[in-house]
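*Asks:* This structure is in structure tokens; I'll ask about it shortly.
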Amino acid sequence: MMQTPEYAHNMEIELKARIQRRDEVESRLSSFMHYIGPIDKLDEYWEVSNASSENSSGFRFRVRHELDRITITFKEKTFDGNVEVNHEFEFRIEGEPAFKAFIEKMHAHLIYQKQKKGSRWEDGTGLIAEVVEVSSLGLFLEVEYISNSLATSEQQEAKSRLYKVIDLCDIPRSALEPRPYSQLLGY
């Protein structure tokens, strides 16, 4: 399993596809990736308004609740067709009540929540696959590559690897979902 430091500053390239049969996709994943275990992620998306900015929306961040930890994440997102390329900043917190009091002092407000349950797979080189059911949206295969930095050539190689996982799982390219979950959920 890939170790994540207390504070992470990573590049993440990901894509997702709608799937119909979880067991079939998981069976295919097991032929070339290692099963890590079940996942259950409850994500809260928060926004701090920025009155001095020309941008109508403010600063957004995610509070992720998992079985054994709470992680705060914010991203600088870009899109390249079906592929999302993120410059991601993450850190863990110990005292959620204190953190919630802190963000309320900044006048942050909860925008929406999203829950994902499923299974996680890794290949040991930064490639991760998750078969997830996203509340109210259905089943997806999410594939991502995480690195400390991604040069342009490495980004192209990472994209090829993501598409290869989709192909090995026998998922048609027409099943790829380019829109982020926030858009699919109407936020």
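Residues in the structure tokens are named by chain (A, B, ... in the order shown) and by number from 1 within that chain; ligands are numbered from 1 in the order shown.
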As a PyMOL selection string, please: the residues near A:Gly81 (cut-off 10 Å, only C-alpha atoms, same-chain neighbours under 2 positions excluded).
*Replies:* chain A and resi 15+78-79+83-84+177-179
*Asks:* Would you save the residues from that selection as an mmCIF file, in the first residue's frame, using N, CA and C atoms?
*Replies:*
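Wrote selection04.cif, looks like this:
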```cif
data_model
loop_
_atom_site.group_PDB
_atom_site.id
_atom_site.type_symbol
_atom_site.label_atom_id
_atom_site.label_comp_id
_atom_site.auth_asym_id
_atom_site.auth_seq_id
_atom_site.Cartn_x
_atom_site.Cartn_y
_atom_site.Cartn_z
ATOM 1 N N LEU A 15 -9.517 9.040 -13.941
ATOM 2 C CA LEU A 15 -10.705 8.963 -14.777
ATOM 3 C C LEU A 15 -11.664 7.979 -14.143
ATOM 4 N N THR A 78 -7.836 20.538 -13.322
ATOM 5 C CA THR A 78 -7.883 20.800 -14.755
ATOM 6 C C THR A 78 -8.424 19.540 -15.412
ATOM 7 N N PHE A 79 -8.937 19.683 -16.617
ATOM 8 C CA PHE A 79 -9.512 18.551 -17.323
ATOM 9 C C PHE A 79 -8.877 18.428 -18.700
ATOM 10 N N VAL A 83 -10.089 12.788 -18.743
ATOM 11 C CA VAL A 83 -9.118 12.670 -17.656
ATOM 12 C C VAL A 83 -9.076 13.956 -16.839
ATOM 13 N N GLU A 84 -9.094 13.777 -15.527
ATOM 14 C CA GLU A 84 -8.982 14.903 -14.597
ATOM 15 C C GLU A 84 -7.550 14.934 -14.072
ATOM 16 N N GLU A 177 -16.960 8.690 -17.801
ATOM 17 C CA GLU A 177 -17.731 9.830 -17.307
ATOM 18 C C GLU A 177 -16.772 10.993 -17.076
ATOM 19 N N PRO A 178 -16.776 11.986 -17.970
ATOM 20 C CA PRO A 178 -15.830 13.097 -17.835
ATOM 21 C C PRO A 178 -16.220 14.124 -16.775
ATOM 22 N N ARG A 179 -17.491 14.166 -16.395
ATOM 23 C CA ARG A 179 -17.940 15.184 -15.441
ATOM 24 C C ARG A 179 -17.578 14.789 -14.015
#
```
*Asks:* Step one, run DSSP on the backbone; step two, keep only residues of stretch 32-155 of chain A assigned to strand (DSSP E or B); then write them as a short mmCIF file (atom, residue, chain, number, x, y, z; two decimals) with N, CA and C atoms, in the first residue's frame.
*Replies:*
```cif
data_model
loop_
_atom_site.label_atom_id
_atom_site.label_comp_id
_atom_site.auth_asym_id
_atom_site.auth_seq_id
_atom_site.Cartn_x
_atom_site.Cartn_y
_atom_site.Cartn_z
N HIS A 34 -3.61 -5.73 -6.90
CA HIS A 34 -3.74 -6.34 -5.58
C HIS A 34 -4.95 -5.74 -4.87
N TYR A 35 -5.79 -6.62 -4.32
CA TYR A 35 -6.93 -6.17 -3.53
C TYR A 35 -6.43 -5.63 -2.20
N ILE A 36 -6.80 -4.40 -1.87
CA ILE A 36 -6.38 -3.76 -0.62
C ILE A 36 -7.44 -3.92 0.46
N GLY A 37 -8.71 -3.78 0.07
CA GLY A 37 -9.77 -3.96 1.05
C GLY A 37 -10.97 -3.09 0.74
N PRO A 38 -11.97 -3.16 1.63
CA PRO A 38 -13.18 -2.36 1.42
C PRO A 38 -12.93 -0.89 1.74
N ILE A 39 -13.72 -0.03 1.13
CA ILE A 39 -13.65 1.40 1.42
C ILE A 39 -15.05 1.92 1.74
N ASP A 40 -15.08 2.92 2.58
CA ASP A 40 -16.31 3.62 2.93
C ASP A 40 -15.91 5.05 3.22
N LYS A 41 -16.21 5.95 2.28
CA LYS A 41 -15.78 7.34 2.39
C LYS A 41 -17.00 8.25 2.40
N LEU A 42 -17.10 9.06 3.44
CA LEU A 42 -18.13 10.09 3.49
C LEU A 42 -17.42 11.42 3.32
N ASP A 43 -17.72 12.09 2.22
CA ASP A 43 -17.08 13.37 1.90
C ASP A 43 -18.04 14.51 2.12
N GLU A 44 -17.55 15.53 2.81
CA GLU A 44 -18.28 16.78 2.98
C GLU A 44 -17.53 17.84 2.18
N TYR A 45 -18.25 18.59 1.37
CA TYR A 45 -17.64 19.66 0.58
C TYR A 45 -18.06 20.99 1.16
N TRP A 46 -17.07 21.79 1.52
CA TRP A 46 -17.27 23.07 2.18
C TRP A 46 -16.76 24.20 1.30
N GLU A 47 -17.31 25.39 1.54
CA GLU A 47 -16.86 26.57 0.81
C GLU A 47 -16.72 27.74 1.76
N VAL A 48 -15.63 28.48 1.57
CA VAL A 48 -15.42 29.74 2.28
C VAL A 48 -15.57 30.84 1.24
N PHE A 59 -13.37 29.58 -1.94
CA PHE A 59 -12.42 28.49 -1.76
C PHE A 59 -13.17 27.26 -1.29
N ARG A 60 -13.00 26.15 -2.00
CA ARG A 60 -13.68 24.90 -1.64
C ARG A 60 -12.68 23.87 -1.16
N PHE A 61 -13.11 23.06 -0.20
CA PHE A 61 -12.28 21.97 0.30
C PHE A 61 -13.17 20.82 0.73
N ARG A 62 -12.53 19.66 0.89
CA ARG A 62 -13.26 18.44 1.25
C ARG A 62 -12.80 17.96 2.61
N VAL A 63 -13.76 17.50 3.41
CA VAL A 63 -13.48 16.80 4.66
C VAL A 63 -13.91 15.36 4.42
N ARG A 64 -12.93 14.46 4.38
CA ARG A 64 -13.22 13.04 4.11
C ARG A 64 -13.16 12.24 5.40
N HIS A 65 -14.26 11.54 5.68
CA HIS A 65 -14.36 10.65 6.83
C HIS A 65 -14.18 9.22 6.33
N ILE A 70 -9.55 11.19 9.34
CA ILE A 70 -10.24 12.32 8.71
C ILE A 70 -9.18 13.10 7.96
N THR A 71 -9.42 13.33 6.68
CA THR A 71 -8.45 14.00 5.82
C THR A 71 -9.09 15.23 5.20
N ILE A 72 -8.34 16.33 5.20
CA ILE A 72 -8.76 17.57 4.55
C ILE A 72 -8.02 17.66 3.23
N THR A 73 -8.75 17.99 2.15
CA THR A 73 -8.15 18.06 0.83
C THR A 73 -8.66 19.28 0.09
N PHE A 74 -7.76 19.94 -0.63
CA PHE A 74 -8.18 20.93 -1.63
C PHE A 74 -7.36 20.69 -2.88
N LYS A 75 -7.97 21.00 -4.02
CA LYS A 75 -7.36 20.67 -5.31
C LYS A 75 -7.41 21.85 -6.26
N GLU A 76 -6.44 21.89 -7.12
CA GLU A 76 -6.47 22.77 -8.29
C GLU A 76 -6.74 21.83 -9.46
N LYS A 77 -7.95 21.87 -10.01
CA LYS A 77 -8.39 20.91 -11.02
C LYS A 77 -8.22 21.45 -12.43
N THR A 78 -7.84 20.54 -13.32
CA THR A 78 -7.88 20.80 -14.75
C THR A 78 -8.42 19.54 -15.41
N PHE A 79 -8.94 19.68 -16.62
CA PHE A 79 -9.51 18.55 -17.32
C PHE A 79 -8.88 18.43 -18.70
N ASP A 80 -8.64 17.18 -19.10
CA ASP A 80 -8.10 16.87 -20.42
C ASP A 80 -8.97 15.76 -21.00
N VAL A 83 -10.09 12.79 -18.74
CA VAL A 83 -9.12 12.67 -17.66
C VAL A 83 -9.08 13.96 -16.84
N GLU A 84 -9.09 13.78 -15.53
CA GLU A 84 -8.98 14.90 -14.60
C GLU A 84 -7.55 14.93 -14.07
N VAL A 85 -6.92 16.09 -14.13
CA VAL A 85 -5.55 16.26 -13.62
C VAL A 85 -5.62 17.26 -12.46
N ASN A 86 -5.21 16.79 -11.29
CA ASN A 86 -5.32 17.61 -10.09
C ASN A 86 -3.99 17.83 -9.42
N HIS A 87 -3.78 19.04 -8.96
CA HIS A 87 -2.70 19.36 -8.05
C HIS A 87 -3.37 19.33 -6.68
N GLU A 88 -3.04 18.36 -5.88
CA GLU A 88 -3.80 18.07 -4.66
C GLU A 88 -2.98 18.34 -3.41
N PHE A 89 -3.63 18.94 -2.42
CA PHE A 89 -3.03 19.21 -1.12
C PHE A 89 -3.86 18.51 -0.07
N GLU A 90 -3.24 17.71 0.79
CA GLU A 90 -3.97 16.95 1.80
C GLU A 90 -3.26 16.99 3.14
N PHE A 91 -4.06 16.93 4.20
CA PHE A 91 -3.51 16.73 5.54
C PHE A 91 -4.59 16.09 6.40
N ARG A 92 -4.13 15.38 7.42
CA ARG A 92 -5.05 14.71 8.35
C ARG A 92 -5.27 15.60 9.57
N ILE A 93 -6.43 15.41 10.17
CA ILE A 93 -6.71 16.12 11.42
C ILE A 93 -7.07 15.10 12.50
N ALA A 108 -17.32 29.32 6.77
CA ALA A 108 -17.46 28.24 5.79
C ALA A 108 -18.85 27.65 5.90
N HIS A 109 -19.37 27.18 4.77
CA HIS A 109 -20.66 26.52 4.81
C HIS A 109 -20.60 25.22 4.01
N LEU A 110 -21.36 24.25 4.48
CA LEU A 110 -21.43 22.94 3.84
C LEU A 110 -22.22 23.07 2.55
N ILE A 111 -21.63 22.60 1.44
CA ILE A 111 -22.31 22.66 0.15
C ILE A 111 -23.08 21.36 -0.10
N TYR A 112 -22.38 20.23 0.05
CA TYR A 112 -23.04 18.94 -0.15
C TYR A 112 -22.18 17.83 0.43
N GLN A 113 -22.79 16.64 0.51
CA GLN A 113 -22.09 15.44 0.96
C GLN A 113 -22.20 14.37 -0.13
N LYS A 114 -21.21 13.46 -0.11
CA LYS A 114 -21.20 12.35 -1.06
C LYS A 114 -20.64 11.14 -0.33
N GLN A 115 -21.27 9.99 -0.50
CA GLN A 115 -20.75 8.78 0.12
C GLN A 115 -20.37 7.78 -0.97
N LYS A 116 -19.20 7.15 -0.78
CA LYS A 116 -18.73 6.12 -1.70
C LYS A 116 -18.38 4.88 -0.88
N LYS A 117 -18.92 3.73 -1.32
CA LYS A 117 -18.60 2.45 -0.69
C LYS A 117 -18.17 1.50 -1.78
N GLY A 118 -17.16 0.68 -1.46
CA GLY A 118 -16.71 -0.27 -2.47
C GLY A 118 -15.43 -0.96 -2.08
N SER A 119 -14.56 -1.16 -3.09
CA SER A 119 -13.31 -1.89 -2.89
C SER A 119 -12.16 -1.13 -3.54
N ARG A 120 -10.95 -1.33 -2.96
CA ARG A 120 -9.75 -0.63 -3.44
C ARG A 120 -8.73 -1.64 -3.92
N TRP A 121 -8.07 -1.29 -5.02
CA TRP A 121 -7.06 -2.13 -5.66
C TRP A 121 -5.84 -1.26 -5.97
N GLU A 122 -4.64 -1.82 -5.85
CA GLU A 122 -3.41 -1.08 -6.16
C GLU A 122 -2.44 -1.99 -6.90
N LEU A 127 -0.58 3.39 -9.09
CA LEU A 127 -1.84 3.20 -9.80
C LEU A 127 -2.86 2.58 -8.84
N ILE A 128 -4.02 3.22 -8.73
CA ILE A 128 -5.06 2.81 -7.79
C ILE A 128 -6.38 2.68 -8.55
N ALA A 129 -7.14 1.65 -8.24
CA ALA A 129 -8.48 1.48 -8.80
C ALA A 129 -9.45 1.27 -7.65
N GLU A 130 -10.61 1.91 -7.76
CA GLU A 130 -11.66 1.71 -6.78
C GLU A 130 -12.97 1.43 -7.51
N VAL A 131 -13.62 0.36 -7.10
CA VAL A 131 -14.96 0.05 -7.59
C VAL A 131 -15.89 0.56 -6.51
N VAL A 132 -16.68 1.59 -6.87
CA VAL A 132 -17.48 2.25 -5.84
C VAL A 132 -18.92 2.43 -6.27
N GLU A 133 -19.78 2.40 -5.25
CA GLU A 133 -21.15 2.82 -5.44
C GLU A 133 -21.25 4.20 -4.81
N VAL A 134 -21.60 5.17 -5.62
CA VAL A 134 -21.73 6.55 -5.15
C VAL A 134 -23.21 6.80 -4.90
N GLY A 138 -24.89 5.65 -8.61
CA GLY A 138 -24.66 4.32 -9.15
C GLY A 138 -23.23 3.84 -9.01
N LEU A 139 -22.89 2.82 -9.82
CA LEU A 139 -21.59 2.15 -9.76
C LEU A 139 -20.59 2.77 -10.71
N PHE A 140 -19.33 2.88 -10.23
CA PHE A 140 -18.25 3.44 -11.04
C PHE A 140 -16.97 2.67 -10.79
N LEU A 141 -16.11 2.66 -11.79
CA LEU A 141 -14.72 2.27 -11.62
C LEU A 141 -13.94 3.57 -11.71
N GLU A 142 -13.22 3.90 -10.64
CA GLU A 142 -12.34 5.07 -10.63
C GLU A 142 -10.91 4.55 -10.71
N VAL A 143 -10.13 5.14 -11.60
CA VAL A 143 -8.73 4.77 -11.74
C VAL A 143 -7.90 6.03 -11.63
N GLU A 144 -6.87 6.00 -10.78
CA GLU A 144 -6.03 7.19 -10.63
C GLU A 144 -4.58 6.81 -10.48
N TYR A 145 -3.74 7.76 -10.87
CA TYR A 145 -2.30 7.63 -10.72
C TYR A 145 -1.85 8.82 -9.88
N ILE A 146 -1.09 8.55 -8.83
CA ILE A 146 -0.64 9.59 -7.92
C ILE A 146 0.88 9.64 -7.92
N SER A 147 1.41 10.85 -7.99
CA SER A 147 2.85 11.05 -7.99
C SER A 147 3.17 12.35 -7.28
#
```
*Asks:* What separation in Å, quoted to one decimal, exists between atom CA of A:Asn82 and atom CA of A:Thr152?
*Replies:*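 Separating atom CA of A:Asn82 from atom CA of A:Thr152 is a distance of 17.1 Å.
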*Asks:* Find the residue from A:Leu137, A:Ala101, A:Leu67, A:Ile13 that sits nearest to A:Ser182; use only C-alpha atoms when measuring.
*Replies:* A:Leu137
*Asks:* Could you please determine the separation between atom CA of A:Val25 and atom CA of A:Pro172 in Å, to one decimal place?
*Replies:*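 Atom CA of A:Pro172 lies at a distance of 12.2 Å from atom CA of A:Val25.
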*Asks:* Please identify the helix (DSSP H, G or I) residues within stretch 29-184 of chain A (assignment by DSSP from backbone atoms) and present them as a PyMOL selection string.
*Replies:* chain A and resi 29+96-105+152-168+173-175+181-184
*Asks:* With N, CA and C atoms retained, write the just-selected residues as a CSV table (one decimal), in the first residue's frame.
*Replies:*
```csv
chain,number,residue,atom,x,y,z
A,29,LEU,N,-10.0,-6.9,-12.3
A,29,LEU,CA,-8.9,-6.2,-11.5
A,29,LEU,C,-8.0,-7.2,-10.8
A,96,GLU,N,-11.8,16.7,15.0
A,96,GLU,CA,-12.8,17.3,14.1
A,96,GLU,C,-13.6,18.4,14.7
A,97,PRO,N,-14.1,18.3,16.0
A,97,PRO,CA,-14.9,19.4,16.5
A,97,PRO,C,-14.1,20.7,16.5
A,98,ALA,N,-12.8,20.6,16.9
A,98,ALA,CA,-12.0,21.9,16.8
A,98,ALA,C,-11.9,22.4,15.4
A,99,PHE,N,-11.7,21.5,14.5
A,99,PHE,CA,-11.6,21.9,13.1
A,99,PHE,C,-12.9,22.5,12.6
A,100,LYS,N,-14.0,21.9,12.9
A,100,LYS,CA,-15.3,22.5,12.5
A,100,LYS,C,-15.5,23.9,13.1
A,101,ALA,N,-15.1,24.0,14.4
A,101,ALA,CA,-15.3,25.4,15.0
A,101,ALA,C,-14.4,26.4,14.3
A,102,PHE,N,-13.2,25.9,13.9
A,102,PHE,CA,-12.3,26.8,13.1
A,102,PHE,C,-12.9,27.2,11.8
A,103,ILE,N,-13.4,26.3,11.0
A,103,ILE,CA,-14.0,26.7,9.7
A,103,ILE,C,-15.3,27.5,9.8
A,104,GLU,N,-16.0,27.2,10.9
A,104,GLU,CA,-17.2,28.1,11.1
A,104,GLU,C,-16.8,29.5,11.4
A,105,LYS,N,-15.7,29.7,12.1
A,105,LYS,CA,-15.2,31.1,12.3
A,105,LYS,C,-14.8,31.8,11.0
A,152,THR,N,5.3,16.5,-18.1
A,152,THR,CA,4.4,16.3,-19.2
A,152,THR,C,4.5,14.9,-19.8
A,153,SER,N,5.7,14.3,-19.9
A,153,SER,CA,5.9,13.0,-20.4
A,153,SER,C,5.3,11.9,-19.5
A,154,GLU,N,5.5,12.2,-18.2
A,154,GLU,CA,4.9,11.3,-17.2
A,154,GLU,C,3.4,11.3,-17.2
A,155,GLN,N,2.8,12.5,-17.4
A,155,GLN,CA,1.4,12.6,-17.5
A,155,GLN,C,0.8,11.8,-18.7
A,156,GLN,N,1.5,11.8,-19.8
A,156,GLN,CA,1.0,11.0,-20.9
A,156,GLN,C,1.1,9.5,-20.6
A,157,GLU,N,2.2,9.1,-20.0
A,157,GLU,CA,2.3,7.7,-19.6
A,157,GLU,C,1.2,7.3,-18.6
A,158,ALA,N,1.0,8.2,-17.7
A,158,ALA,CA,-0.1,7.9,-16.6
A,158,ALA,C,-1.4,7.8,-17.3
A,159,LYS,N,-1.8,8.7,-18.2
A,159,LYS,CA,-3.0,8.6,-18.9
A,159,LYS,C,-3.2,7.3,-19.7
A,160,SER,N,-2.1,6.8,-20.3
A,160,SER,CA,-2.1,5.6,-21.1
A,160,SER,C,-2.4,4.4,-20.1
A,161,ARG,N,-1.7,4.5,-18.9
A,161,ARG,CA,-2.0,3.4,-17.9
A,161,ARG,C,-3.4,3.4,-17.4
A,162,LEU,N,-4.0,4.6,-17.3
A,162,LEU,CA,-5.4,4.6,-16.8
A,162,LEU,C,-6.3,4.0,-17.8
A,163,TYR,N,-6.1,4.3,-19.1
A,163,TYR,CA,-6.9,3.8,-20.2
A,163,TYR,C,-6.7,2.3,-20.3
A,164,LYS,N,-5.5,1.8,-20.0
A,164,LYS,CA,-5.2,0.4,-20.1
A,164,LYS,C,-6.0,-0.4,-19.1
A,165,VAL,N,-6.2,0.2,-17.9
A,165,VAL,CA,-7.0,-0.5,-16.8
A,165,VAL,C,-8.4,-0.6,-17.3
A,166,ILE,N,-8.9,0.5,-17.9
A,166,ILE,CA,-10.3,0.5,-18.4
A,166,ILE,C,-10.5,-0.6,-19.5
A,167,ASP,N,-9.5,-0.7,-20.4
A,167,ASP,CA,-9.5,-1.7,-21.4
A,167,ASP,C,-9.4,-3.1,-20.9
A,168,LEU,N,-8.5,-3.3,-19.9
A,168,LEU,CA,-8.4,-4.7,-19.3
A,168,LEU,C,-9.6,-5.1,-18.5
A,173,ARG,N,-15.2,2.6,-24.0
A,173,ARG,CA,-14.8,4.1,-23.8
A,173,ARG,C,-16.1,4.9,-23.6
A,174,SER,N,-17.2,4.5,-24.2
A,174,SER,CA,-18.4,5.3,-24.1
A,174,SER,C,-19.0,5.3,-22.7
A,175,ALA,N,-18.5,4.4,-21.8
A,175,ALA,CA,-18.9,4.4,-20.4
A,175,ALA,C,-18.1,5.4,-19.5
A,181,TYR,N,-18.1,14.4,-9.9
A,181,TYR,CA,-19.2,14.0,-9.2
A,181,TYR,C,-20.0,15.2,-8.8
A,182,SER,N,-19.4,16.3,-8.4
A,182,SER,CA,-20.1,17.5,-8.0
A,182,SER,C,-21.1,18.0,-9.1
A,183,GLN,N,-20.7,17.9,-10.3
A,183,GLN,CA,-21.6,18.3,-11.4
A,183,GLN,C,-22.7,17.3,-11.6
A,184,LEU,N,-22.3,16.0,-11.5
A,184,LEU,CA,-23.4,14.9,-11.6
A,184,LEU,C,-24.4,15.1,-10.5
```
*Asks:* Distance atom CA of A:Asp68-atom CA of A:Gly126, one decimal place?
*Replies:*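 Those two atoms sit 21.3 Å apart.
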